[in-house]
$ cat start31.pdb   # PDB, C-alpha atoms
ATOM      1  CA  MET Z   1       0.055 -39.012 -25.319
ATOM      2  CA  LYS Z   2      -2.459 -36.572 -23.897
ATOM      3  CA  LEU Z   3      -1.368 -35.258 -20.508
ATOM      4  CA  PRO Z   4      -3.920 -35.193 -17.678
ATOM      5  CA  THR Z   5      -5.087 -31.732 -16.706
ATOM      6  CA  PHE Z   6      -3.217 -31.850 -13.395
ATOM      7  CA  THR Z   7       0.021 -32.816 -15.166
ATOM      8  CA  LYS Z   8      -0.392 -29.891 -17.588
ATOM      9  CA  LEU Z   9      -0.892 -27.502 -14.696
ATOM     10  CA  SER Z  10       2.138 -28.876 -12.880
ATOM     11  CA  SER Z  11       4.253 -28.443 -16.021
ATOM     12  CA  ILE Z  12       3.163 -24.836 -16.350
ATOM     13  CA  LEU Z  13       3.807 -24.047 -12.692
ATOM     14  CA  GLY Z  14       7.159 -25.793 -12.836
ATOM     15  CA  LEU Z  15       8.291 -23.789 -15.847
ATOM     16  CA  VAL Z  16       7.186 -20.554 -14.231
ATOM     17  CA  ALA Z  17       9.095 -21.469 -11.072
ATOM     18  CA  VAL Z  18      12.256 -22.307 -13.035
ATOM     19  CA  LEU Z  19      12.097 -18.901 -14.726
ATOM     20  CA  GLY Z  20      11.907 -17.237 -11.337
ATOM     21  CA  VAL Z  21       8.488 -15.672 -11.817
ATOM     22  CA  PRO Z  22       6.943 -14.721  -8.458
ATOM     23  CA  ALA Z  23       3.437 -15.708  -7.483
ATOM     24  CA  ILE Z  24       0.759 -13.078  -8.027
ATOM     25  CA  ALA Z  25      -0.425 -11.630  -4.717
ATOM     26  CA  SER Z  26      -2.687  -8.873  -3.530
ATOM     27  CA  ALA Z  27      -0.700  -5.986  -2.083
ATOM     28  CA  GLY Z  28      -1.011  -2.442  -0.875
ATOM     29  CA  ALA Z  29       1.034   0.706  -1.473
ATOM     30  CA  VAL Z  30       3.088   2.037   1.452
ATOM     31  CA  PHE Z  31       4.703   5.505   1.496
ATOM     32  CA  LEU Z  32       6.688   6.566   4.585
ATOM     33  CA  THR Z  33       8.476   9.900   4.819
ATOM     34  CA  GLY Z  34      10.557  11.579   7.500
ATOM     35  CA  HIS Z  35       9.570  14.910   5.976
ATOM     36  CA  ASP Z  36       6.443  16.673   7.212
ATOM     37  CA  PRO Z  37       4.711  17.784   4.006
ATOM     38  CA  ASP Z  38       1.444  18.264   5.886
ATOM     39  CA  PHE Z  39       3.165  21.272   7.520
ATOM     40  CA  HIS Z  40       5.231  22.604   4.627
ATOM     41  CA  THR Z  41       2.397  22.508   2.108
ATOM     42  CA  GLN Z  42       0.669  25.386   3.863
ATOM     43  CA  PRO Z  43       1.345  28.868   2.440
ATOM     44  CA  GLY Z  44       4.508  30.531   3.699
ATOM     45  CA  LEU Z  45       5.849  27.386   5.393
ATOM     46  CA  GLY Z  46       8.032  25.984   2.617
ATOM     47  CA  VAL Z  47       7.574  23.483  -0.199
ATOM     48  CA  GLY Z  48       5.719  20.323   0.662
ATOM     49  CA  ASP Z  49       2.808  20.243  -1.746
ATOM     50  CA  ARG Z  50       4.476  18.084  -4.387
ATOM     51  CA  LEU Z  51       5.632  15.484  -1.849
ATOM     52  CA  LEU Z  52       2.211  15.368  -0.176
ATOM     53  CA  ASP Z  53       0.479  15.077  -3.542
ATOM     54  CA  VAL Z  54       2.796  12.307  -4.788
ATOM     55  CA  GLY Z  55       2.654  10.380  -1.498
ATOM     56  CA  LEU Z  56      -1.138  10.410  -1.250
ATOM     57  CA  GLY Z  57      -1.437   9.659  -4.952
ATOM     58  CA  PHE Z  58       0.887   6.664  -4.556
ATOM     59  CA  VAL Z  59      -1.166   5.037  -1.789
ATOM     60  CA  THR Z  60      -4.614   5.794  -3.247
ATOM     61  CA  GLY Z  61      -3.966   5.039  -6.908
ATOM     62  CA  ASN Z  62      -4.281   8.782  -7.629
ATOM     63  CA  THR Z  63      -7.868   8.978  -6.390
ATOM     64  CA  HIS Z  64      -6.988  11.223  -3.430
ATOM     65  CA  ASN Z  65      -8.359  14.360  -5.074
ATOM     66  CA  ASP Z  66     -10.910  13.061  -7.564
ATOM     67  CA  GLY Z  67     -13.939  14.239  -5.573
ATOM     68  CA  SER Z  68     -15.432  10.735  -5.426
ATOM     69  CA  SER Z  69     -16.849   9.640  -2.086
ATOM     70  CA  ALA Z  70     -16.529   6.038  -3.326
ATOM     71  CA  GLN Z  71     -12.727   6.338  -3.137
ATOM     72  CA  LYS Z  72     -12.180   8.040   0.230
ATOM     73  CA  PHE Z  73      -9.022   7.827   2.286
ATOM     74  CA  LEU Z  74      -8.819   8.108   6.078
ATOM     75  CA  TRP Z  75      -6.745  10.936   7.623
ATOM     76  CA  VAL Z  76      -5.521  10.274  11.196
ATOM     77  CA  GLU Z  77      -4.723  13.323  13.377
ATOM     78  CA  SER Z  78      -5.694  14.721  16.770
ATOM     79  CA  ASN Z  79      -8.388  17.354  17.223
ATOM     80  CA  ILE Z  80      -6.329  19.437  19.681
ATOM     81  CA  THR Z  81      -5.526  23.059  18.982
ATOM     82  CA  ALA Z  82      -2.205  23.125  17.140
ATOM     83  CA  PRO Z  83       0.566  24.335  19.488
ATOM     84  CA  ALA Z  84       3.314  26.716  18.390
ATOM     85  CA  GLY Z  85       5.386  25.214  15.592
ATOM     86  CA  HIS Z  86       2.557  22.941  14.480
ATOM     87  CA  VAL Z  87      -0.439  23.187  12.162
ATOM     88  CA  LYS Z  88      -3.456  21.035  11.540
ATOM     89  CA  GLY Z  89      -2.035  18.807   8.845
ATOM     90  CA  TYR Z  90      -5.389  18.187   7.193
ATOM     91  CA  ASN Z  91      -5.604  21.921   6.415
ATOM     92  CA  SER Z  92      -2.910  21.282   3.803
ATOM     93  CA  LEU Z  93      -5.104  18.904   1.840
ATOM     94  CA  ASP Z  94      -7.075  21.573  -0.010
ATOM     95  CA  ASP Z  95      -3.773  22.960  -1.339
ATOM     96  CA  ILE Z  96      -3.357  19.783  -3.421
ATOM     97  CA  GLY Z  97      -6.960  19.656  -4.595
ATOM     98  CA  VAL Z  98      -8.362  17.350  -1.904
ATOM     99  CA  THR Z  99     -11.920  18.150  -0.844
ATOM    100  CA  LEU Z 100     -14.139  16.910   1.978
ATOM    101  CA  ALA Z 101     -15.592  14.393  -0.477
ATOM    102  CA  ASP Z 102     -12.182  12.724  -0.716
ATOM    103  CA  TYR Z 103     -11.399  11.870   2.913
ATOM    104  CA  ASP Z 104     -12.658  11.391   6.456
ATOM    105  CA  LEU Z 105     -10.835  12.657   9.546
ATOM    106  CA  VAL Z 106     -10.438  10.663  12.781
ATOM    107  CA  ASP Z 107      -8.499  11.116  16.006
ATOM    108  CA  ALA Z 108      -7.457   8.356  18.416
ATOM    109  CA  VAL Z 109     -10.969   7.699  19.645
ATOM    110  CA  GLY Z 110     -12.413   7.575  16.152
ATOM    111  CA  PHE Z 111      -9.658   5.325  14.824
ATOM    112  CA  ALA Z 112     -10.282   2.750  17.528
ATOM    113  CA  SER Z 113     -13.637   1.799  16.031
ATOM    114  CA  VAL Z 114     -13.514   2.949  12.406
ATOM    115  CA  ASN Z 115     -14.169   0.328   9.715
ATOM    116  CA  LEU Z 116     -11.005   0.373   7.614
ATOM    117  CA  ALA Z 117     -12.768  -1.524   4.825
ATOM    118  CA  ASN Z 118     -14.625   1.698   3.972
ATOM    119  CA  TYR Z 119     -11.391   3.326   2.755
ATOM    120  CA  ASN Z 120      -8.765   2.791   0.103
ATOM    121  CA  ALA Z 121      -5.899   4.207   2.192
ATOM    122  CA  ILE Z 122      -4.882   5.410   5.654
ATOM    123  CA  ALA Z 123      -2.929   8.671   5.858
ATOM    124  CA  ILE Z 124      -1.200   9.656   9.102
ATOM    125  CA  ALA Z 125      -0.226  13.224  10.004
ATOM    126  CA  SER Z 126       3.261  14.122  11.227
ATOM    127  CA  SER Z 127       4.030  14.433  14.926
ATOM    128  CA  PHE Z 128       6.306  17.422  14.357
ATOM    129  CA  GLY Z 129       4.680  19.975  12.083
ATOM    130  CA  GLY Z 130       1.293  18.296  12.127
ATOM    131  CA  THR Z 131      -0.589  17.255  15.246
ATOM    132  CA  LEU Z 132      -0.251  13.495  15.538
ATOM    133  CA  THR Z 133      -0.184  12.900  19.308
ATOM    134  CA  ARG Z 134       0.743   9.953  21.481
ATOM    135  CA  ALA Z 135      -2.941   9.012  21.694
ATOM    136  CA  GLU Z 136      -3.207   8.527  17.908
ATOM    137  CA  LEU Z 137       0.107   6.666  17.772
ATOM    138  CA  ASP Z 138      -1.030   4.264  20.496
ATOM    139  CA  ALA Z 139      -4.421   3.811  18.782
ATOM    140  CA  LEU Z 140      -2.656   2.919  15.541
ATOM    141  CA  ILE Z 141      -0.359   0.461  17.330
ATOM    142  CA  ALA Z 142      -3.362  -1.170  19.010
ATOM    143  CA  ARG Z 143      -4.738  -1.968  15.543
ATOM    144  CA  SER Z 144      -1.461  -2.946  13.882
ATOM    145  CA  ALA Z 145      -2.857  -6.370  12.939
ATOM    146  CA  ASP Z 146      -5.859  -4.696  11.302
ATOM    147  CA  ILE Z 147      -3.525  -2.351   9.426
ATOM    148  CA  ALA Z 148      -1.457  -5.293   8.147
ATOM    149  CA  ALA Z 149      -4.621  -7.044   6.949
ATOM    150  CA  PHE Z 150      -5.782  -3.797   5.326
ATOM    151  CA  ILE Z 151      -2.525  -3.485   3.365
ATOM    152  CA  ASN Z 152      -2.551  -7.150   2.366
ATOM    153  CA  ALA Z 153      -6.070  -6.655   1.025
ATOM    154  CA  GLY Z 154      -4.783  -3.880  -1.243
ATOM    155  CA  GLY Z 155      -5.199  -0.823   0.993
ATOM    156  CA  GLY Z 156      -2.581   1.937   1.028
ATOM    157  CA  LEU Z 157      -0.758   3.590   3.918
ATOM    158  CA  PHE Z 158       0.894   7.028   4.001
ATOM    159  CA  ALA Z 159       2.789   8.302   7.062
ATOM    160  CA  SER Z 160       4.734  11.515   7.679
ATOM    161  CA  ALA Z 161       7.504  12.344  10.166
ATOM    162  CA  GLU Z 162       7.588  10.730  13.607
ATOM    163  CA  CYS Z 163      10.511  11.668  15.801
ATOM    164  CA  ASP Z 164      11.577  11.379  19.432
ATOM    165  CA  ASN Z 165      13.389  14.183  21.252
ATOM    166  CA  CYS Z 166      13.357  16.417  18.173
ATOM    167  CA  GLY Z 167      11.848  19.471  19.816
ATOM    168  CA  ALA Z 168       8.214  20.275  20.404
ATOM    169  CA  ASP Z 169       6.867  16.937  19.213
ATOM    170  CA  LEU Z 170       3.623  15.562  20.627
ATOM    171  CA  LEU Z 171       4.523  11.924  21.243
ATOM    172  CA  GLY Z 172       5.837  12.135  24.796
ATOM    173  CA  ALA Z 173       8.573   9.980  26.301
ATOM    174  CA  ASN Z 174       9.798   6.770  24.657
ATOM    175  CA  PRO Z 175       7.197   6.381  21.909
ATOM    176  CA  THR Z 176       7.298   3.352  19.617
ATOM    177  CA  LEU Z 177       7.784   5.308  16.406
ATOM    178  CA  TYR Z 178       6.029   3.798  13.381
ATOM    179  CA  GLY Z 179       5.109   0.967  15.742
ATOM    180  CA  TYR Z 180       1.880   0.193  13.878
ATOM    181  CA  LEU Z 181       3.902  -1.100  10.915
ATOM    182  CA  PRO Z 182       4.665  -4.823  10.700
ATOM    183  CA  ILE Z 183       7.827  -3.993   8.743
ATOM    184  CA  SER Z 184      11.154  -3.089  10.274
ATOM    185  CA  VAL Z 185      11.870   0.618   9.972
ATOM    186  CA  THR Z 186      13.653   2.782  12.515
ATOM    187  CA  SER Z 187      13.352   6.539  12.968
ATOM    188  CA  ILE Z 188      16.759   8.247  13.292
ATOM    189  CA  GLY Z 189      17.996  11.820  13.041
ATOM    190  CA  ALA Z 190      18.095  13.438   9.600
ATOM    191  CA  SER Z 191      21.055  15.250   8.007
ATOM    192  CA  PRO Z 192      20.183  17.738   5.238
ATOM    193  CA  PRO Z 193      20.393  18.289   2.320
ATOM    194  CA  PHE Z 194      18.260  15.587   0.712
ATOM    195  CA  SER Z 195      18.721  13.943  -2.671
ATOM    196  CA  VAL Z 196      16.111  12.098  -4.706
ATOM    197  CA  THR Z 197      17.052   8.621  -5.919
ATOM    198  CA  ALA Z 198      16.307   7.282  -9.387
ATOM    199  CA  TYR Z 199      13.248   5.600  -7.895
ATOM    200  CA  GLY Z 200      12.096   8.895  -6.389
ATOM    201  CA  ALA Z 201      12.597  10.645  -9.717
ATOM    202  CA  SER Z 202      10.430   7.967 -11.359
ATOM    203  CA  LEU Z 203       7.611   9.107  -9.062
ATOM    204  CA  GLY Z 204       8.002  12.667 -10.359
ATOM    205  CA  LEU Z 205       9.921  14.095  -7.387
ATOM    206  CA  THR Z 206      12.961  16.392  -7.461
ATOM    207  CA  ASN Z 207      15.507  17.521  -4.885
ATOM    208  CA  ALA Z 208      13.642  20.820  -4.577
ATOM    209  CA  ASP Z 209      10.538  18.944  -3.412
ATOM    210  CA  MET Z 210      12.396  17.459  -0.439
ATOM    211  CA  ASN Z 211      14.594  20.232   0.940
ATOM    212  CA  ASP Z 212      12.689  21.693   3.847
ATOM    213  CA  PRO Z 213      13.463  21.187   7.539
ATOM    214  CA  THR Z 214      12.975  17.466   8.087
ATOM    215  CA  HIS Z 215      12.550  15.476  11.262
ATOM    216  CA  ASN Z 216      13.668  11.908  10.695
ATOM    217  CA  SER Z 217      15.431   9.531   8.370
ATOM    218  CA  PHE Z 218      15.241   5.730   8.524
ATOM    219  CA  GLY Z 219      17.943   3.431   9.856
ATOM    220  CA  LEU Z 220      16.213   0.340   8.455
ATOM    221  CA  THR Z 221      14.094   0.291   5.314
ATOM    222  CA  GLY Z 222      12.045  -2.862   5.801
ATOM    223  CA  GLY Z 223      12.603  -3.852   2.171
ATOM    224  CA  LEU Z 224      10.898  -0.763   0.730
ATOM    225  CA  ASN Z 225      12.351   1.328  -2.099
ATOM    226  CA  ILE Z 226      14.356   4.426  -1.131
ATOM    227  CA  VAL Z 227      12.791   7.622  -2.505
ATOM    228  CA  ASP Z 228      15.358  10.086  -1.163
ATOM    229  CA  THR Z 229      18.416  10.070   1.083
ATOM    230  CA  ASP Z 230      19.981  12.554   3.478
ATOM    231  CA  ALA Z 231      23.594  13.782   3.473
ATOM    232  CA  ALA Z 232      24.626  10.792   5.606
ATOM    233  CA  GLY Z 233      23.223   8.393   3.004
ATOM    234  CA  ASN Z 234      20.265   7.309   5.111
ATOM    235  CA  ALA Z 235      16.847   6.854   3.545
ATOM    236  CA  THR Z 236      14.451   9.705   4.346
ATOM    237  CA  THR Z 237      11.452   8.527   2.317
ATOM    238  CA  LEU Z 238      10.441   4.929   1.552
ATOM    239  CA  ALA Z 239       7.801   3.521  -0.762
ATOM    240  CA  GLY Z 240       6.707   0.259  -2.315
ATOM    241  CA  ASN Z 241       3.841  -2.003  -3.341
ATOM    242  CA  VAL Z 242       4.103  -4.702  -0.736
ATOM    243  CA  THR Z 243       2.524  -7.552   1.123
ATOM    244  CA  LEU Z 244       3.092  -7.817   4.839
ATOM    245  CA  CYS Z 245       3.193 -10.607   7.387
ATOM    246  CA  SER Z 246       3.674 -10.802  11.140
ATOM    247  CA  GLU Z 247       7.454 -10.943  10.686
ATOM    248  CA  GLY Z 248       7.514  -7.826   8.511
ATOM    249  CA  PHE Z 249       8.066  -7.269   4.830
ATOM    250  CA  CYS Z 250       7.411 -10.495   2.956
ATOM    251  CA  GLY Z 251       6.679  -9.809  -0.699
ATOM    252  CA  GLU Z 252       5.971  -7.523  -3.592
ATOM    253  CA  VAL Z 253       3.501  -7.409  -6.453
ATOM    254  CA  PRO Z 254       5.215  -8.858  -9.542
ATOM    255  CA  GLU Z 255       6.597  -6.267 -11.921
ATOM    256  CA  PRO Z 256       4.861  -6.072 -15.315
ATOM    257  CA  GLY Z 257       7.972  -7.599 -16.894
ATOM    258  CA  SER Z 258       7.679 -10.632 -14.632
ATOM    259  CA  LEU Z 259       4.064 -11.128 -15.640
ATOM    260  CA  ALA Z 260       5.051 -10.864 -19.288
ATOM    261  CA  LEU Z 261       7.735 -13.491 -18.706
ATOM    262  CA  ALA Z 262       5.160 -15.781 -17.167
ATOM    263  CA  GLY Z 263       2.957 -15.309 -20.223
ATOM    264  CA  LEU Z 264       5.888 -16.104 -22.515
ATOM    265  CA  ALA Z 265       6.544 -19.295 -20.559
ATOM    266  CA  LEU Z 266       2.971 -20.420 -21.100
ATOM    267  CA  VAL Z 267       3.177 -19.656 -24.834
ATOM    268  CA  MET Z 268       6.416 -21.649 -25.139
ATOM    269  CA  LEU Z 269       4.862 -24.579 -23.335
ATOM    270  CA  ALA Z 270       1.783 -24.504 -25.564
ATOM    271  CA  ARG Z 271       3.936 -24.484 -28.723
ATOM    272  CA  THR Z 272       5.976 -27.426 -27.455
ATOM    273  CA  ARG Z 273       2.799 -29.399 -26.791
ATOM    274  CA  ARG Z 274       1.494 -28.674 -30.308
ATOM    275  CA  ARG Z 275       4.758 -29.888 -31.915
ATOM    276  CA  ARG Z 276       4.537 -33.095 -29.907
TER     277      ARG Z 276
END

$ encode --input "start31.pdb" --output "structure tokens"
Amino acid sequence: MKLPTFTKLSSILGLVAVLGVPAIASAGAVFLTGHDPDFHTQPGLGVGDRLLDVGLGFVTGNTHNDGSSAQKFLWVESNITAPAGHVKGYNSLDDIGVTLADYDLVDAVGFASVNLANYNAIAIASSFGGTLTRAELDALIARSADIAAFINAGGGLFASAECDNCGADLLGANPTLYGYLPISVTSIGASPPFSVTAYGASLGLTNADMNDPTHNSFGLTGGLNIVDTDAAGNATTLAGNVTLCSEGFCGEVPEPGSLALAGLALVMLARTRRRR
């Protein structure tokens, strides 16, 4: 008997569900680090270039330094003069091959009205090392819903260290650290040295890329993958291809193996139908 089209579709979806294959969803790449590679990339200030390069490459699909204005990312940082112990984080970008054709720079005022749809990723400077101030943090938090929608539409997000009471930081009293993220992460003190996980190694990172003075680890990971850990075992860098919802982390893009499994399920179903 020939099955109606709807029945065929239901059979396929049912088999996929039984095999545990997740639904295909649009998602963005998120890379959060308690390190401040925007500081340590600059000459004489340590080793941060590899981490900055990998992090920006992760969230932009490796278009961060291709010189194409069609694939720009947005760098968020204040325009104040860098105080002692800080640098302008965006001055590190040319050390990893990024040119002015690759990104636009905005401070708090500019971020409030910028059209995020014009960019493939948002990159946020560190508050200790770079010059992310309370004004930028509050501007980001004010548009947290827009940032979530941007990530769910496939946009990337990179963020460096944000810490409270860690010295000459620029965030003032009682900031809501990483408060623009609709996923649960918490900034806590970091304990060196730092060790790359197997996931971090798969991104091309080594322990040597991570061992500079660092300003926060994460008490909660929000469901992201751990890239490196500190001596206390806490995550210091997090990354993942995710979807987000108002409650926080709520999904991932299916792994290639899962998609292959779904394809195999459809082939098996088609063969069964032919035999019948």

$ closest_residue --input "start31.pdb" --among "Z:Val196, Z:Leu238, Z:Ala121, Z:Ala139" --to "Gly222 of chain Z" --atoms "only C-alpha atoms"
Z:Leu238

$ resolve_selection --input "start31.pdb" --expression "the PyMOL selection byres ((chain Z and resi 149) around 12)" --output "list of chain:residue names"
Z:Ser26, Z:Ala27, Z:Gly28, Z:Leu116, Z:Ala117, Z:Arg143, Z:Ser144, Z:Ala145, Z:Asp146, Z:Ile147, Z:Ala148, Z:Phe150, Z:Ile151, Z:Asn152, Z:Ala153, Z:Gly154, Z:Gly155, Z:Gly156, Z:Leu157, Z:Tyr180, Z:Leu181, Z:Pro182, Z:Val242, Z:Thr243, Z:Leu244, Z:Cys245, Z:Ser246

$ closest_residue --input "start31.pdb" --among "Z:Leu32, Z:Ala84, Z:Leu132, Z:Ala231" --to "Val54 of chain Z" --atoms "all atoms listed in the file"
Z:Leu32

$ resolve_selection --input "start31.pdb" --expression "the PyMOL selection byres ((chain Z and resi 224) around 12)" --output "tab-separated table (two decimals) with C-alpha atoms, in the coordinates of the input"
chain	number	residue	atom	x	y	z
Z	29	ALA	CA	1.03	0.71	-1.47
Z	30	VAL	CA	3.09	2.04	1.45
Z	31	PHE	CA	4.70	5.50	1.50
Z	32	LEU	CA	6.69	6.57	4.58
Z	33	THR	CA	8.48	9.90	4.82
Z	183	ILE	CA	7.83	-3.99	8.74
Z	184	SER	CA	11.15	-3.09	10.27
Z	185	VAL	CA	11.87	0.62	9.97
Z	199	TYR	CA	13.25	5.60	-7.90
Z	218	PHE	CA	15.24	5.73	8.52
Z	220	LEU	CA	16.21	0.34	8.46
Z	221	THR	CA	14.09	0.29	5.31
Z	222	GLY	CA	12.04	-2.86	5.80
Z	223	GLY	CA	12.60	-3.85	2.17
Z	225	ASN	CA	12.35	1.33	-2.10
Z	226	ILE	CA	14.36	4.43	-1.13
Z	227	VAL	CA	12.79	7.62	-2.50
Z	228	ASP	CA	15.36	10.09	-1.16
Z	235	ALA	CA	16.85	6.85	3.54
Z	236	THR	CA	14.45	9.70	4.35
Z	237	THR	CA	11.45	8.53	2.32
Z	238	LEU	CA	10.44	4.93	1.55
Z	239	ALA	CA	7.80	3.52	-0.76
Z	240	GLY	CA	6.71	0.26	-2.32
Z	241	ASN	CA	3.84	-2.00	-3.34
Z	242	VAL	CA	4.10	-4.70	-0.74
Z	243	THR	CA	2.52	-7.55	1.12
Z	244	LEU	CA	3.09	-7.82	4.84
Z	248	GLY	CA	7.51	-7.83	8.51
Z	249	PHE	CA	8.07	-7.27	4.83
Z	250	CYS	CA	7.41	-10.50	2.96
Z	251	GLY	CA	6.68	-9.81	-0.70
Z	252	GLU	CA	5.97	-7.52	-3.59

$ resolve_selection --input "start31.pdb" --expression "the PyMOL selection byres ((chain Z and resi 100) around 12)" --output "MDAnalysis selection string"
chainID Z and resid 64:69 71:75 90:91 93:94 97:99 101:105

$ atom_distance --input "start31.pdb" --atom1 "atom CA of Asp107 of chain Z" --atom2 "atom CA of Ala159 of chain Z"
14.7 Å

$ residues_around --input "start31.pdb" --residues "Leu51 of chain Z" --least-positions-apart "3" --cutoff "12 Å" --atoms "all atoms listed in the file" --output "JSON, numbers by chain"
{"Z": [31, 32, 33, 34, 35, 36, 37, 38, 39, 40, 41, 46, 47, 48, 54, 55, 56, 57, 58, 92, 93, 96, 158, 159, 160, 196, 200, 201, 203, 204, 205, 206, 207, 208, 209, 210, 211, 212, 227, 228, 237]}

$ closest_residue --input "start31.pdb" --among "Z:Thr60, Z:Ala161, Z:Gly89, Z:Asp230" --to "Asn120 of chain Z" --atoms "all atoms listed in the file"
Z:Thr60

$ closest_residue --input "start31.pdb" --among "Z:Thr229, Z:Asn79, Z:Asn115, Z:Gln42" --to "Ala198 of chain Z" --atoms "all atoms listed in the file"
Z:Thr229

$ axis_aligned_box --input "start31.pdb" --around "segment 148-153 of chain Z" --padding-each-side "8 Å" --output "lines of an AutoDock Vina configuration file"
center_x = -3.8
center_y = -5.3
center_z = 4.6
size_x = 20.6
size_y = 19.7
size_z = 23.1

$ atom_distance --input "start31.pdb" --atom1 "atom CA of Leu177 of chain Z" --atom2 "atom CA of Ser127 of chain Z"
10.0 Å
